[in-house]
Structures are given as C-alpha cells and as structure tokens.
$ cat coords.pdb   # PDB, C-alpha atoms (C1' of nucleotides) and all ligand atoms
ATOM      1  CA  MET A   1      95.517 115.724  57.215
ATOM      2  CA  ASP A   2      96.433 118.464  59.664
ATOM      3  CA  MET A   3      92.813 119.296  60.274
ATOM      4  CA  HIS A   4      93.483 121.296  63.443
ATOM      5  CA  LYS A   5      90.186 120.413  64.971
ATOM      6  CA  ASP A   6      89.162 122.349  68.049
ATOM      7  CA  TYR A   7      87.178 121.007  70.939
ATOM      8  CA  ARG A   8      85.178 122.749  73.563
ATOM      9  CA  ILE A   9      85.246 121.198  76.985
ATOM     10  CA  GLY A  10      82.026 119.263  76.414
ATOM     11  CA  ASP A  11      83.370 117.718  73.228
ATOM     12  CA  LEU A  12      86.555 116.686  74.977
ATOM     13  CA  ALA A  13      84.575 115.238  77.847
ATOM     14  CA  ARG A  14      82.354 113.201  75.537
ATOM     15  CA  ALA A  15      85.314 111.957  73.513
ATOM     16  CA  THR A  16      87.023 110.615  76.624
ATOM     17  CA  ASP A  17      84.009 109.567  78.662
ATOM     18  CA  THR A  18      84.794 112.097  81.344
ATOM     19  CA  ALA A  19      82.607 114.531  83.231
ATOM     20  CA  VAL A  20      83.168 118.167  82.329
ATOM     21  CA  GLU A  21      83.854 118.987  85.969
ATOM     22  CA  THR A  22      86.524 116.317  86.032
ATOM     23  CA  VAL A  23      88.294 117.884  83.061
ATOM     24  CA  ARG A  24      88.357 121.217  84.875
ATOM     25  CA  TYR A  25      89.520 119.398  87.996
ATOM     26  CA  TYR A  26      92.482 117.890  86.130
ATOM     27  CA  GLU A  27      93.390 121.348  84.918
ATOM     28  CA  ARG A  28      93.120 122.791  88.426
ATOM     29  CA  ILE A  29      95.521 120.228  89.848
ATOM     30  CA  GLY A  30      97.928 120.742  86.962
ATOM     31  CA  LEU A  31      97.455 117.418  85.222
ATOM     32  CA  LEU A  32      95.997 118.850  82.044
ATOM     33  CA  PRO A  33      97.615 122.050  80.712
ATOM     34  CA  GLU A  34      95.536 125.204  80.556
ATOM     35  CA  PRO A  35      94.203 125.560  77.029
ATOM     36  CA  PRO A  36      93.776 128.847  75.200
ATOM     37  CA  ARG A  37      90.387 130.551  75.433
ATOM     38  CA  THR A  38      87.923 131.938  72.946
ATOM     39  CA  GLU A  39      86.819 135.555  73.050
ATOM     40  CA  GLY A  40      83.896 134.450  75.152
ATOM     41  CA  ASN A  41      86.296 132.828  77.658
ATOM     42  CA  TYR A  42      85.546 129.263  76.610
ATOM     43  CA  ARG A  43      88.371 126.730  76.854
ATOM     44  CA  LEU A  44      89.538 125.591  73.432
ATOM     45  CA  TYR A  45      91.327 122.266  73.181
ATOM     46  CA  GLY A  46      93.310 120.616  70.391
ATOM     47  CA  GLU A  47      94.431 117.105  69.560
ATOM     48  CA  ALA A  48      97.270 117.200  72.058
ATOM     49  CA  HIS A  49      94.859 117.819  74.910
ATOM     50  CA  LEU A  50      92.648 115.030  73.690
ATOM     51  CA  HIS A  51      95.553 112.586  73.658
ATOM     52  CA  ARG A  52      96.718 113.648  77.078
ATOM     53  CA  LEU A  53      93.278 113.357  78.622
ATOM     54  CA  ARG A  54      92.769 109.982  76.994
ATOM     55  CA  PHE A  55      96.029 108.823  78.505
ATOM     56  CA  ILE A  56      94.958 110.019  81.934
ATOM     57  CA  ARG A  57      91.600 108.287  81.702
ATOM     58  CA  ARG A  58      93.039 104.975  80.521
ATOM     59  CA  ALA A  59      95.558 105.040  83.309
ATOM     60  CA  ARG A  60      92.847 105.860  85.840
ATOM     61  CA  ALA A  61      90.761 102.995  84.505
ATOM     62  CA  LEU A  62      93.710 100.734  85.272
ATOM     63  CA  GLY A  63      93.744 102.053  88.818
ATOM     64  CA  PHE A  64      96.794 104.321  88.675
ATOM     65  CA  HIS A  65      96.650 107.136  91.197
ATOM     66  CA  LEU A  66      96.782 110.682  89.928
ATOM     67  CA  ASP A  67     100.228 111.348  91.371
ATOM     68  CA  VAL A  68     101.578 108.300  89.558
ATOM     69  CA  ILE A  69      99.860 109.447  86.384
ATOM     70  CA  ARG A  70     101.571 112.794  86.832
ATOM     71  CA  ASP A  71     104.900 110.944  86.885
ATOM     72  CA  LEU A  72     103.931 108.875  83.864
ATOM     73  CA  LEU A  73     103.045 112.020  81.923
ATOM     74  CA  GLY A  74     106.367 113.542  82.879
ATOM     75  CA  MET A  75     108.088 110.514  81.393
ATOM     76  CA  VAL A  76     105.986 110.561  78.267
ATOM     77  CA  ASP A  77     107.144 114.125  77.774
ATOM     78  CA  ARG A  78     110.755 112.873  77.581
ATOM     79  CA  PRO A  79     110.396 110.315  74.806
ATOM     80  CA  ASP A  80     114.121 109.745  74.294
ATOM     81  CA  GLN A  81     114.652 108.451  77.806
ATOM     82  CA  PRO A  82     114.588 104.712  78.451
ATOM     83  CA  CYS A  83     111.158 103.418  79.404
ATOM     84  CA  ALA A  84     112.316 101.313  82.345
ATOM     85  CA  SER A  85     110.702 103.529  84.948
ATOM     86  CA  ILE A  86     107.367 103.339  83.155
ATOM     87  CA  ASP A  87     107.673  99.609  83.220
ATOM     88  CA  GLN A  88     108.405  99.791  86.906
ATOM     89  CA  LEU A  89     105.372 101.930  87.672
ATOM     90  CA  ALA A  90     103.193  99.472  85.785
ATOM     91  CA  ARG A  91     104.608  96.600  87.783
ATOM     92  CA  ALA A  92     104.089  98.468  91.039
ATOM     93  CA  GLN A  93     100.490  99.039  90.010
ATOM     94  CA  MET A  94     100.059  95.322  89.390
ATOM     95  CA  ALA A  95     101.468  94.588  92.806
ATOM     96  CA  GLU A  96      99.019  97.044  94.350
ATOM     97  CA  VAL A  97      96.093  95.433  92.599
ATOM     98  CA  ASP A  98      97.307  91.995  93.646
ATOM     99  CA  ALA A  99      97.512  93.115  97.244
ATOM    100  CA  LYS A 100      93.985  94.498  97.088
ATOM    101  CA  ILE A 101      92.662  91.266  95.616
ATOM    102  CA  ALA A 102      94.390  89.288  98.340
ATOM    103  CA  ASP A 103      92.889  91.538 101.006
ATOM    104  CA  LEU A 104      89.417  91.235  99.595
ATOM    105  CA  THR A 105      89.724  87.497  99.211
ATOM    106  CA  ARG A 106      90.604  87.113 102.863
ATOM    107  CA  LEU A 107      87.724  89.417 103.689
ATOM    108  CA  ARG A 108      85.333  87.396 101.621
ATOM    109  CA  ALA A 109      86.290  84.182 103.345
ATOM    110  CA  GLU A 110      85.826  85.710 106.779
ATOM    111  CA  LEU A 111      82.523  87.213 105.718
ATOM    112  CA  ALA A 112      81.267  83.880 104.420
ATOM    113  CA  HIS A 113      82.381  82.233 107.636
ATOM    114  CA  VAL A 114      80.393  84.747 109.655
ATOM    115  CA  ALA A 115      77.342  84.839 107.402
ATOM    116  CA  ASN A 116      76.994  81.069 107.243
ATOM    117  CA  GLN A 117      76.609  80.766 110.982
ATOM    118  CA  CYS A 118      73.150  82.305 110.970
ATOM    119  CA  HIS A 119      70.443  79.666 111.289
ATOM    120  CA  GLY A 120      67.531  82.060 111.596
ATOM    121  CA  GLY A 121      65.678  83.009 114.748
ATOM    122  CA  THR A 122      65.764  86.258 116.659
ATOM    123  CA  VAL A 123      68.456  88.856 116.670
ATOM    124  CA  ARG A 124      69.359  87.787 120.184
ATOM    125  CA  GLU A 125      70.296  84.326 118.986
ATOM    126  CA  CYS A 126      71.874  85.416 115.724
ATOM    127  CA  ARG A 127      75.392  84.076 115.282
ATOM    128  CA  ILE A 128      76.296  86.910 112.958
ATOM    129  CA  VAL A 129      75.672  89.404 115.727
ATOM    130  CA  GLU A 130      77.582  87.190 118.093
ATOM    131  CA  ALA A 131      80.524  87.029 115.744
ATOM    132  CA  LEU A 132      80.554  90.779 115.308
ATOM    133  CA  SER A 133      80.269  91.428 119.024
ATOM    134  CA  GLY A 134      83.364  89.388 119.765
ATOM    135  CA  GLY A 135      84.020  86.892 122.517
ATOM    136  CA  GLU A 136      86.503  88.595 124.809
ATOM    137  CA  GLY A 137      85.952  91.383 127.281
TER     138      GLY A 137
ATOM    139  CA  MET B   1      81.118  90.155 138.831
ATOM    140  CA  ASP B   2      79.546  93.497 138.063
ATOM    141  CA  MET B   3      82.857  95.269 138.223
ATOM    142  CA  HIS B   4      81.613  98.437 136.545
ATOM    143  CA  LYS B   5      84.932  99.223 135.008
ATOM    144  CA  ASP B   6      85.308 102.670 133.520
ATOM    145  CA  TYR B   7      87.364 103.541 130.493
ATOM    146  CA  ARG B   8      88.755 106.807 129.321
ATOM    147  CA  ILE B   9      88.813 107.352 125.607
ATOM    148  CA  GLY B  10      92.399 106.180 125.250
ATOM    149  CA  ASP B  11      91.654 102.921 127.060
ATOM    150  CA  LEU B  12      88.665 102.312 124.828
ATOM    151  CA  ALA B  13      90.730 103.094 121.762
ATOM    152  CA  ARG B  14      93.505 100.707 122.759
ATOM    153  CA  ALA B  15      91.027  97.960 123.625
ATOM    154  CA  THR B  16      89.464  98.129 120.174
ATOM    155  CA  ASP B  17      92.494  99.032 118.079
ATOM    156  CA  THR B  18      90.971 102.348 117.126
ATOM    157  CA  ALA B  19      92.446 105.831 116.983
ATOM    158  CA  VAL B  20      91.130 108.197 119.629
ATOM    159  CA  GLU B  21      90.036 110.644 116.947
ATOM    160  CA  THR B  22      88.043 107.895 115.306
ATOM    161  CA  VAL B  23      86.157 107.206 118.522
ATOM    162  CA  ARG B  24      85.224 110.871 118.752
ATOM    163  CA  TYR B  25      84.298 110.804 115.086
ATOM    164  CA  TYR B  26      81.894 107.909 115.673
ATOM    165  CA  GLU B  27      80.317 109.873 118.466
ATOM    166  CA  ARG B  28      80.018 112.969 116.295
ATOM    167  CA  ILE B  29      78.153 111.105 113.574
ATOM    168  CA  GLY B  30      75.888 109.455 116.120
ATOM    169  CA  LEU B  31      77.222 105.929 115.854
ATOM    170  CA  LEU B  32      78.518 105.725 119.387
ATOM    171  CA  PRO B  33      76.330 107.263 122.111
ATOM    172  CA  GLU B  34      77.651 110.215 124.069
ATOM    173  CA  PRO B  35      79.104 108.933 127.318
ATOM    174  CA  PRO B  36      78.925 110.747 130.626
ATOM    175  CA  ARG B  37      81.824 113.007 131.568
ATOM    176  CA  THR B  38      84.063 113.372 134.556
ATOM    177  CA  GLU B  39      84.331 116.637 136.466
ATOM    178  CA  GLY B  40      87.279 117.514 134.276
ATOM    179  CA  ASN B  41      85.141 116.976 131.169
ATOM    180  CA  TYR B  42      86.728 113.667 130.186
ATOM    181  CA  ARG B  43      84.532 111.092 128.473
ATOM    182  CA  LEU B  44      83.886 108.085 130.681
ATOM    183  CA  TYR B  45      82.906 104.836 129.002
ATOM    184  CA  GLY B  46      81.516 101.572 130.348
ATOM    185  CA  GLU B  47      81.266  97.998 129.113
ATOM    186  CA  ALA B  48      78.312  98.785 126.864
ATOM    187  CA  HIS B  49      80.328 101.342 124.947
ATOM    188  CA  LEU B  50      83.182  98.906 124.637
ATOM    189  CA  HIS B  51      80.905  96.241 123.164
ATOM    190  CA  ARG B  52      79.322  98.662 120.768
ATOM    191  CA  LEU B  53      82.620 100.022 119.539
ATOM    192  CA  ARG B  54      83.987  96.517 119.145
ATOM    193  CA  PHE B  55      80.959  95.660 117.034
ATOM    194  CA  ILE B  56      81.512  98.697 114.849
ATOM    195  CA  ARG B  57      85.182  97.914 114.348
ATOM    196  CA  ARG B  58      84.597  94.258 113.494
ATOM    197  CA  ALA B  59      81.953  95.230 111.003
ATOM    198  CA  ARG B  60      84.251  97.854 109.475
ATOM    199  CA  ALA B  61      87.015  95.270 109.224
ATOM    200  CA  LEU B  62      84.600  93.175 107.171
ATOM    201  CA  GLY B  63      84.039  96.130 104.897
ATOM    202  CA  PHE B  64      80.571  97.218 106.010
ATOM    203  CA  HIS B  65      79.934 100.899 105.367
ATOM    204  CA  LEU B  66      79.078 103.100 108.309
ATOM    205  CA  ASP B  67      75.486 103.629 107.227
ATOM    206  CA  VAL B  68      74.980  99.876 107.050
ATOM    207  CA  ILE B  69      76.587  99.500 110.451
ATOM    208  CA  ARG B  70      74.156 102.080 111.729
ATOM    209  CA  ASP B  71      71.312  99.866 110.489
ATOM    210  CA  LEU B  72      72.928  96.792 112.015
ATOM    211  CA  LEU B  73      73.199  98.521 115.371
ATOM    212  CA  GLY B  74      69.562  99.532 115.159
ATOM    213  CA  MET B  75      68.656  95.870 114.674
ATOM    214  CA  VAL B  76      70.902  94.720 117.486
ATOM    215  CA  ASP B  77      68.994  97.110 119.716
ATOM    216  CA  ARG B  78      65.766  95.171 118.960
ATOM    217  CA  PRO B  79      66.891  91.685 119.955
ATOM    218  CA  ASP B  80      63.404  90.106 119.819
ATOM    219  CA  GLN B  81      62.970  90.807 116.133
ATOM    220  CA  PRO B  82      63.851  88.111 113.612
ATOM    221  CA  CYS B  83      67.398  88.335 112.353
ATOM    222  CA  ALA B  84      66.571  87.909 108.673
ATOM    223  CA  SER B  85      67.474  91.478 107.764
ATOM    224  CA  ILE B  86      70.864  91.117 109.413
ATOM    225  CA  ASP B  87      71.413  88.031 107.343
ATOM    226  CA  GLN B  88      70.416  89.978 104.272
ATOM    227  CA  LEU B  89      72.838  92.821 104.979
ATOM    228  CA  ALA B  90      75.627  90.296 105.420
ATOM    229  CA  ARG B  91      74.773  88.702 102.102
ATOM    230  CA  ALA B  92      74.660  92.075 100.388
ATOM    231  CA  GLN B  93      78.098  92.791 101.811
ATOM    232  CA  MET B  94      79.388  89.530 100.387
ATOM    233  CA  ALA B  95      77.985  90.437  97.020
ATOM    234  CA  GLU B  96      79.683  93.801  97.177
ATOM    235  CA  VAL B  97      83.017  92.225  98.003
ATOM    236  CA  ASP B  98      82.545  89.689  95.204
ATOM    237  CA  ALA B  99      81.873  92.474  92.747
ATOM    238  CA  LYS B 100      84.994  94.317  93.846
ATOM    239  CA  ILE B 101      87.090  91.196  93.477
ATOM    240  CA  ALA B 102      85.699  90.626  89.999
ATOM    241  CA  ASP B 103      86.462  94.227  89.038
ATOM    242  CA  LEU B 104      90.001  94.010  90.306
ATOM    243  CA  THR B 105      90.574  90.681  88.631
ATOM    244  CA  ARG B 106      89.578  92.120  85.281
ATOM    245  CA  LEU B 107      91.782  95.087  86.003
ATOM    246  CA  ARG B 108      94.695  92.882  86.848
ATOM    247  CA  ALA B 109      94.396  90.971  83.606
ATOM    248  CA  GLU B 110      94.254  94.132  81.548
ATOM    249  CA  LEU B 111      97.192  95.566  83.456
ATOM    250  CA  ALA B 112      99.256  92.430  82.867
ATOM    251  CA  HIS B 113      98.349  92.548  79.189
ATOM    252  CA  VAL B 114      99.543  96.133  78.970
ATOM    253  CA  ALA B 115     102.641  95.695  81.107
ATOM    254  CA  ASN B 116     103.849  92.611  79.253
ATOM    255  CA  GLN B 117     104.023  94.429  75.961
ATOM    256  CA  CYS B 118     107.033  96.464  76.993
ATOM    257  CA  HIS B 119     110.241  95.108  75.492
ATOM    258  CA  GLY B 120     112.512  97.886  76.701
ATOM    259  CA  GLY B 121     113.900 100.740  74.658
ATOM    260  CA  THR B 122     112.934 104.382  74.764
ATOM    261  CA  VAL B 123     109.717 105.902  75.988
ATOM    262  CA  ARG B 124     108.841 106.710  72.392
ATOM    263  CA  GLU B 125     108.784 103.026  71.491
ATOM    264  CA  CYS B 126     107.235 101.823  74.729
ATOM    265  CA  ARG B 127     104.152  99.700  74.171
ATOM    266  CA  ILE B 128     102.789 100.567  77.579
ATOM    267  CA  VAL B 129     102.643 104.204  76.617
ATOM    268  CA  GLU B 130     101.129 103.229  73.318
ATOM    269  CA  ALA B 131      98.464 101.183  75.030
ATOM    270  CA  LEU B 132      97.623 103.997  77.383
ATOM    271  CA  SER B 133      97.507 106.553  74.621
ATOM    272  CA  GLY B 134      94.879 104.620  72.702
ATOM    273  CA  GLY B 135      94.606 103.931  68.991
ATOM    274  CA  GLU B 136      91.652 105.998  67.819
ATOM    275  CA  GLY B 137      91.304 109.714  67.260
TER     276      GLY B 137
ATOM    277  C1'  DC C   1     104.365 123.488 145.768
ATOM    278  C1'  DC C   2     105.834 123.136 141.173
ATOM    279  C1'  DT C   3     106.942 121.099 137.053
ATOM    280  C1'  DT C   4     106.778 117.586 133.800
ATOM    281  C1'  DG C   5     104.513 114.783 130.734
ATOM    282  C1'  DA C   6     100.800 111.824 129.476
ATOM    283  C1'  DC C   7      96.566 112.242 128.516
ATOM    284  C1'  DC C   8      92.220 114.754 127.372
ATOM    285  C1'  DC C   9      89.211 118.657 125.227
ATOM    286  C1'  DT C  10      87.136 121.488 121.034
ATOM    287  C1'  DG C  11      87.269 122.980 116.494
ATOM    288  C1'  DT C  12      88.841 123.094 111.962
ATOM    289  C1'  DA C  13      91.038 121.539 107.820
ATOM    290  C1'  DG C  14      92.978 118.033 104.959
ATOM    291  C1'  DC C  15      93.345 113.502 102.224
ATOM    292  C1'  DG C  16      91.742 111.429  96.989
ATOM    293  C1'  DG C  17      89.099 111.868  93.187
ATOM    294  C1'  DC C  18      85.755 113.505  91.994
ATOM    295  C1'  DT C  19      80.584 115.519  92.049
ATOM    296  C1'  DA C  20      77.080 118.967  92.675
ATOM    297  C1'  DC C  21      75.461 122.985  92.966
ATOM    298  C1'  DA C  22      74.670 128.433  92.702
ATOM    299  C1'  DG C  23      74.740 132.252  90.133
ATOM    300  C1'  DG C  24      76.082 133.979  86.346
ATOM    301  C1'  DG C  25      77.796 134.504  80.944
ATOM    302  C1'  DT C  26      77.862 133.038  75.732
ATOM    303  C1'  DC C  27      76.254 131.516  71.539
ATOM    304  C1'  DC C  28      73.244 130.040  68.002
ATOM    305  C1'  DA C  29      68.686 128.992  66.067
ATOM    306  C1'  DT C  30      64.124 130.264  65.525
TER     307       DT C  30
ATOM    308  C1'  DA D   1      64.075 138.813  71.412
ATOM    309  C1'  DT D   2      63.911 134.466  73.410
ATOM    310  C1'  DG D   3      64.891 129.970  74.431
ATOM    311  C1'  DG D   4      67.932 126.429  75.437
ATOM    312  C1'  DA D   5      72.322 124.255  75.207
ATOM    313  C1'  DC D   6      76.389 125.060  76.541
ATOM    314  C1'  DC D   7      80.134 127.456  79.154
ATOM    315  C1'  DC D   8      82.333 130.150  83.262
ATOM    316  C1'  DT D   9      83.967 130.696  88.447
ATOM    317  C1'  DG D  10      83.805 129.439  93.074
ATOM    318  C1'  DT D  11      82.513 126.804  96.825
ATOM    319  C1'  DA D  12      80.965 122.882  99.370
ATOM    320  C1'  DG D  13      80.027 118.022  99.790
ATOM    321  C1'  DC D  14      80.953 112.862  99.596
ATOM    322  C1'  DC D  15      83.504 108.760 102.739
ATOM    323  C1'  DG D  16      86.085 107.458 106.710
ATOM    324  C1'  DC D  17      89.054 108.918 108.807
ATOM    325  C1'  DT D  18      93.570 111.730 110.137
ATOM    326  C1'  DA D  19      96.169 115.674 111.643
ATOM    327  C1'  DC D  20      96.797 119.452 113.641
ATOM    328  C1'  DA D  21      96.396 123.955 116.787
ATOM    329  C1'  DG D  22      95.663 125.672 120.982
ATOM    330  C1'  DG D  23      94.238 124.796 125.015
ATOM    331  C1'  DG D  24      92.772 122.019 129.804
ATOM    332  C1'  DT D  25      93.373 118.007 133.427
ATOM    333  C1'  DC D  26      95.630 115.016 136.336
ATOM    334  C1'  DA D  27      98.966 112.064 138.752
ATOM    335  C1'  DA D  28     103.838 111.246 139.826
ATOM    336  C1'  DG D  29     108.351 112.842 141.028
ATOM    337  C1'  DG D  30     111.641 116.408 142.708
TER     338       DG D  30
HETATM  339 ZN    ZN A 201      86.577  83.276 111.189
HETATM  340 ZN    ZN A 202      70.929  85.456 112.156
HETATM  341 ZN    ZN A 203      93.806  94.318  76.474
HETATM  342 ZN    ZN A 204     108.351 100.183  77.827
END
$ encode --input "coords.pdb" --output "structure tokens" --more "lines below"
Ligand SMILES: [Zn+2]
Ligand SMILES: [Zn+2]
Ligand SMILES: [Zn+2]
Ligand SMILES: [Zn+2]
Amino acid sequence: MDMHKDYRIGDLARATDTAVETVRYYERIGLLPEPPRTEGNYRLYGEAHLHRLRFIRRARALGFHLDVIRDLLGMVDRPDQPCASIDQLARAQMAEVDAKIADLTRLRAELAHVANQCHGGTVRECRIVEALSGGEG
Amino acid sequence: MDMHKDYRIGDLARATDTAVETVRYYERIGLLPEPPRTEGNYRLYGEAHLHRLRFIRRARALGFHLDVIRDLLGMVDRPDQPCASIDQLARAQMAEVDAKIADLTRLRAELAHVANQCHGGTVRECRIVEALSGGEG
DNA sequence: CCTTGACCCTGTAGCGGCTACAGGGTCCAT
DNA sequence: ATGGACCCTGTAGCCGCTACAGGGTCAAGG
C-alpha cells in the first residue's frame, strides 16, 4: 500500500486543479515546502505535498486568505492541540462572507434603484447619469 | 452665480471623500483631465472637475470597474446620443453583482456545512480539517 | 525676517493572489 | 538527431489603490 508515488509539478497541478505557476508561487511564499529535486532539477513531490496543496486549494475555494491558511496549516501540523482555534477561524471566515453578502446586497438594491430610473431618451436626460452625478454642489 | 470657485487637490479630495493619492491616480490613468496649475505648480480644479470626480466615485461605490467608468464618461461627454448603452452598462453591472452574490451564497452554505461538523476535540479529530483535506487520493 | 506646519509635488514600490511571459534546460519517443 | 511536452529561473503585469521618500510652496504667528 505504501506505493510512494512521485509527482512532477504538472501532475500535482492537475491533481489539485491548480496552475503550475501557482504551485511555484505557494512554494515561494513558504506555504508549500520545497520538495526534493531530480538530477535534472525538476521538483519531485510526494503524497504529503499533494495533501497539503489540496488543503490549501479547498481552503482558498472557501475564501480563506493565504495568511489564514498559513495559520490553519500551522495548526494542522500540531494535531494533538485542541481544534478550537480552527473552529474560530472558520467562524471568522463565515462572518467575513456574511459581511460581503450584506455589502453586495445593499449595492444591488442601490443599483436597481438607479438603473430603474432610466426611461430612455438622450444621455442628457438620463436619470442614471443624473443619479451618478449627484445633486449637491 | 458663476462663482468660479477653485479647489486645490485636498479640497477636491475632501469634497468627494477620496484620498489625494487616488485623485492623482485617476489623473495618471487618464480618467480625470489634467487641471491647470498655479505658479507654485499646484493643481487647480474647477466645478467641472468636481462633478467628474463625484461621478467616478459614485460609480465606483456601485461597483463599476474603472474601464467601464471610462466608457460611461465617454458617453456622458456626448449628451445628445441615446442613453441606451448607459442603461446596458448599468444592467451588466447588476448582473455582475448578482453573480457575485450567488457565488458568495453558495460559499457561505458550504462553509457552514464544513464549520458545523466540528464537535470539539483535538486537531487530529477535527472534521473541519478532514473536510479541507479531502477524501480522495 | 524666520520658523513652523499644513499642504502640495514627483516618483517609486507595495498590497493579494495570482498570471504571463522570456529565455533557457530536460527528457523521452520516433 | 529532432521534435515536442514538460520543466527551470526570473521578472513584470493585472486591479485599484495606498504608502512612502524626499523634496517644494505658502500663509500665519512670533
Ligand atoms: Zn437610492
Ligand atoms: Zn437613461
Ligand atoms: Zn458540503
Ligand atoms: Zn474541530
């Protein structure tokens, strides 16, 4: 079962739906550890790298920022610690997403309000332009 | 009534809730026209600049990208044309915001699903970590 | 007249999270 | 030996600002 499969960077990228440049980027910023190299200087990854990259990508897909992911990975590397702080980061992420949704919802309402005022005609008469130009001053 | 008020960049910035550097940035990218200068090389703005900057900032607050705002301004400068394309840009902006809201809503659901699996304990047993690590491979 | 301090100037570099080259090297099949 | 798929490093670009550094200008107060 210990098949010790090796991956080149392209394999890893395909397996995690990541661009090759992004994998190298994660290494550059210290998120993914530097793998050993072949004689020809190719990066050579193992299962551990695959798991770590998968973790990063899933977390990114859920909107976690890279610095938070760095913290998460640090916690994952201490598996005997209590997981409360992971829980907390997840909750903070939910709060961030909620705030963004609220922002965009307000935006959407204002946008609809503005867009619905246009009754056709020339630019000069357009209520959208009027709304964007603002009344005061 | 033609009071011909002049503004220095800081006045303009305050009047539109914009950072001074942002005003210069808009000028650099050709969104705000270069104003005349004083003898001491200070930018000197008039009402027209104020209106234009206000327009830009309102549009930005509604989420329009700068290149779209550039198009909008080009249309505003041809006030005898029909306003249909302005209408269309506003509708496209609404669609973009809708798409973002939909994305975030899906995200939020997935995040809640993941976060709610945690029942405490150590990192090793944490379901959040498990969910982020992924089952396959 | 001189200093202080608020304001202004230019130019450059940084943020996040990639993405896109340029200009090479490696490896394997035909 | 040659082609083509892949890999390497390094640098610059994207968006929309933001943050300096290192200077100049200008009006008020002592
Ligand atoms: Zn309104
Ligand atoms: Zn209209
Ligand atoms: Zn799920
Ligand atoms: Zn947990």
$ closest_residue --input "coords.pdb" --among "C:DA22, C:DG17, C:DT30, C:DC9" --to "chain A" --atoms "all atoms listed in the file"
C:DG17
$ resolve_selection --input "coords.pdb" --expression "the PyMOL selection byres (((chain D and resi 12-26) around 12) and not hetatm)" --output "JSON list (two decimals) with C-alpha atoms (C1' of nucleotides), in the coordinates of the input"
[["chain", "number", "residue", "atom", "x", "y", "z"],
["B", 18, "THR", "CA", 90.97, 102.35, 117.13],
["B", 19, "ALA", "CA", 92.45, 105.83, 116.98],
["B", 20, "VAL", "CA", 91.13, 108.20, 119.63],
["B", 21, "GLU", "CA", 90.04, 110.64, 116.95],
["B", 22, "THR", "CA", 88.04, 107.90, 115.31],
["B", 23, "VAL", "CA", 86.16, 107.21, 118.52],
["B", 24, "ARG", "CA", 85.22, 110.87, 118.75],
["B", 25, "TYR", "CA", 84.30, 110.80, 115.09],
["B", 26, "TYR", "CA", 81.89, 107.91, 115.67],
["B", 29, "ILE", "CA", 78.15, 111.10, 113.57],
["B", 38, "THR", "CA", 84.06, 113.37, 134.56],
["B", 39, "GLU", "CA", 84.33, 116.64, 136.47],
["B", 40, "GLY", "CA", 87.28, 117.51, 134.28],
["B", 41, "ASN", "CA", 85.14, 116.98, 131.17],
["B", 42, "TYR", "CA", 86.73, 113.67, 130.19],
["B", 60, "ARG", "CA", 84.25, 97.85, 109.48],
["B", 63, "GLY", "CA", 84.04, 96.13, 104.90],
["B", 64, "PHE", "CA", 80.57, 97.22, 106.01],
["B", 65, "HIS", "CA", 79.93, 100.90, 105.37],
["B", 66, "LEU", "CA", 79.08, 103.10, 108.31],
["B", 67, "ASP", "CA", 75.49, 103.63, 107.23],
["C", 4, "DT", "C1'", 106.78, 117.59, 133.80],
["C", 5, "DG", "C1'", 104.51, 114.78, 130.73],
["C", 6, "DA", "C1'", 100.80, 111.82, 129.48],
["C", 7, "DC", "C1'", 96.57, 112.24, 128.52],
["C", 8, "DC", "C1'", 92.22, 114.75, 127.37],
["C", 9, "DC", "C1'", 89.21, 118.66, 125.23],
["C", 10, "DT", "C1'", 87.14, 121.49, 121.03],
["C", 11, "DG", "C1'", 87.27, 122.98, 116.49],
["C", 12, "DT", "C1'", 88.84, 123.09, 111.96],
["C", 13, "DA", "C1'", 91.04, 121.54, 107.82],
["C", 14, "DG", "C1'", 92.98, 118.03, 104.96],
["C", 15, "DC", "C1'", 93.34, 113.50, 102.22],
["C", 16, "DG", "C1'", 91.74, 111.43, 96.99],
["C", 17, "DG", "C1'", 89.10, 111.87, 93.19],
["C", 18, "DC", "C1'", 85.76, 113.50, 91.99],
["C", 19, "DT", "C1'", 80.58, 115.52, 92.05],
["C", 20, "DA", "C1'", 77.08, 118.97, 92.68],
["C", 21, "DC", "C1'", 75.46, 122.98, 92.97],
["C", 22, "DA", "C1'", 74.67, 128.43, 92.70],
["D", 10, "DG", "C1'", 83.80, 129.44, 93.07],
["D", 11, "DT", "C1'", 82.51, 126.80, 96.82],
["D", 27, "DA", "C1'", 98.97, 112.06, 138.75],
["D", 28, "DA", "C1'", 103.84, 111.25, 139.83]]
$ closest_residue --input "coords.pdb" --among "B:Thr105, B:Ser133, B:Thr122, B:Gln93" --to "ligand ZN 204 (chain A)" --atoms "only C-alpha atoms and all ligand atoms"
B:Thr122
$ atom_distance --input "coords.pdb" --atom1 "CA of Gly46 (chain A)" --atom2 "C1' of DC28 (chain C)"
22.3 Å
$ residues_around --input "coords.pdb" --residues "Met75 (chain B)" --least-positions-apart "6" --cutoff "12 Å" --atoms "all atoms listed in the file" --output "PyMOL selection string"
(chain A and resi 122-124+126+128-129) or (chain B and resi 68-69+81-87+89)
$ closest_residue --input "coords.pdb" --among "B:Glu47, B:Arg57, B:Pro79, B:Gln117" --to "ligand ZN 204 (chain A)" --atoms "all atoms listed in the file"
B:Gln117
$ resolve_selection --input "coords.pdb" --expression "the PyMOL selection byres (((chain D and resi 6-9) around 9) and not hetatm)" --output "list in words"
Arg8, Ile9, Gly10, Gly40, Asn41, Tyr42 and Arg43 of chain A; DG24, DG25, DT26 and DC27 of chain C; DG4, DA5 and DG10 of chain D
$ write_last_selection --input "coords.pdb" --atoms "C-alpha atoms (C1' of nucleotides)" --output "PDB file, keeping the file's coordinate frame"
ATOM      1  CA  ARG A   8      85.178 122.749  73.563  1.00  0.00           C
ATOM      2  CA  ILE A   9      85.246 121.198  76.985  1.00  0.00           C
ATOM      3  CA  GLY A  10      82.026 119.263  76.414  1.00  0.00           C
ATOM      4  CA  GLY A  40      83.896 134.450  75.152  1.00  0.00           C
ATOM      5  CA  ASN A  41      86.296 132.828  77.658  1.00  0.00           C
ATOM      6  CA  TYR A  42      85.546 129.263  76.610  1.00  0.00           C
ATOM      7  CA  ARG A  43      88.371 126.730  76.854  1.00  0.00           C
TER       8      ARG A  43
ATOM      9  C1'  DG C  24      76.082 133.979  86.346  1.00  0.00           C
ATOM     10  C1'  DG C  25      77.796 134.504  80.944  1.00  0.00           C
ATOM     11  C1'  DT C  26      77.862 133.038  75.732  1.00  0.00           C
ATOM     12  C1'  DC C  27      76.254 131.516  71.539  1.00  0.00           C
TER      13       DC C  27
ATOM     14  C1'  DG D   4      67.932 126.429  75.437  1.00  0.00           C
ATOM     15  C1'  DA D   5      72.322 124.255  75.207  1.00  0.00           C
ATOM     16  C1'  DG D  10      83.805 129.439  93.074  1.00  0.00           C
TER      17       DG D  10
END
$ atom_distance --input "coords.pdb" --atom1 "CA of Arg106 (chain B)" --atom2 "CA of Glu96 (chain A)"
14.0 Å
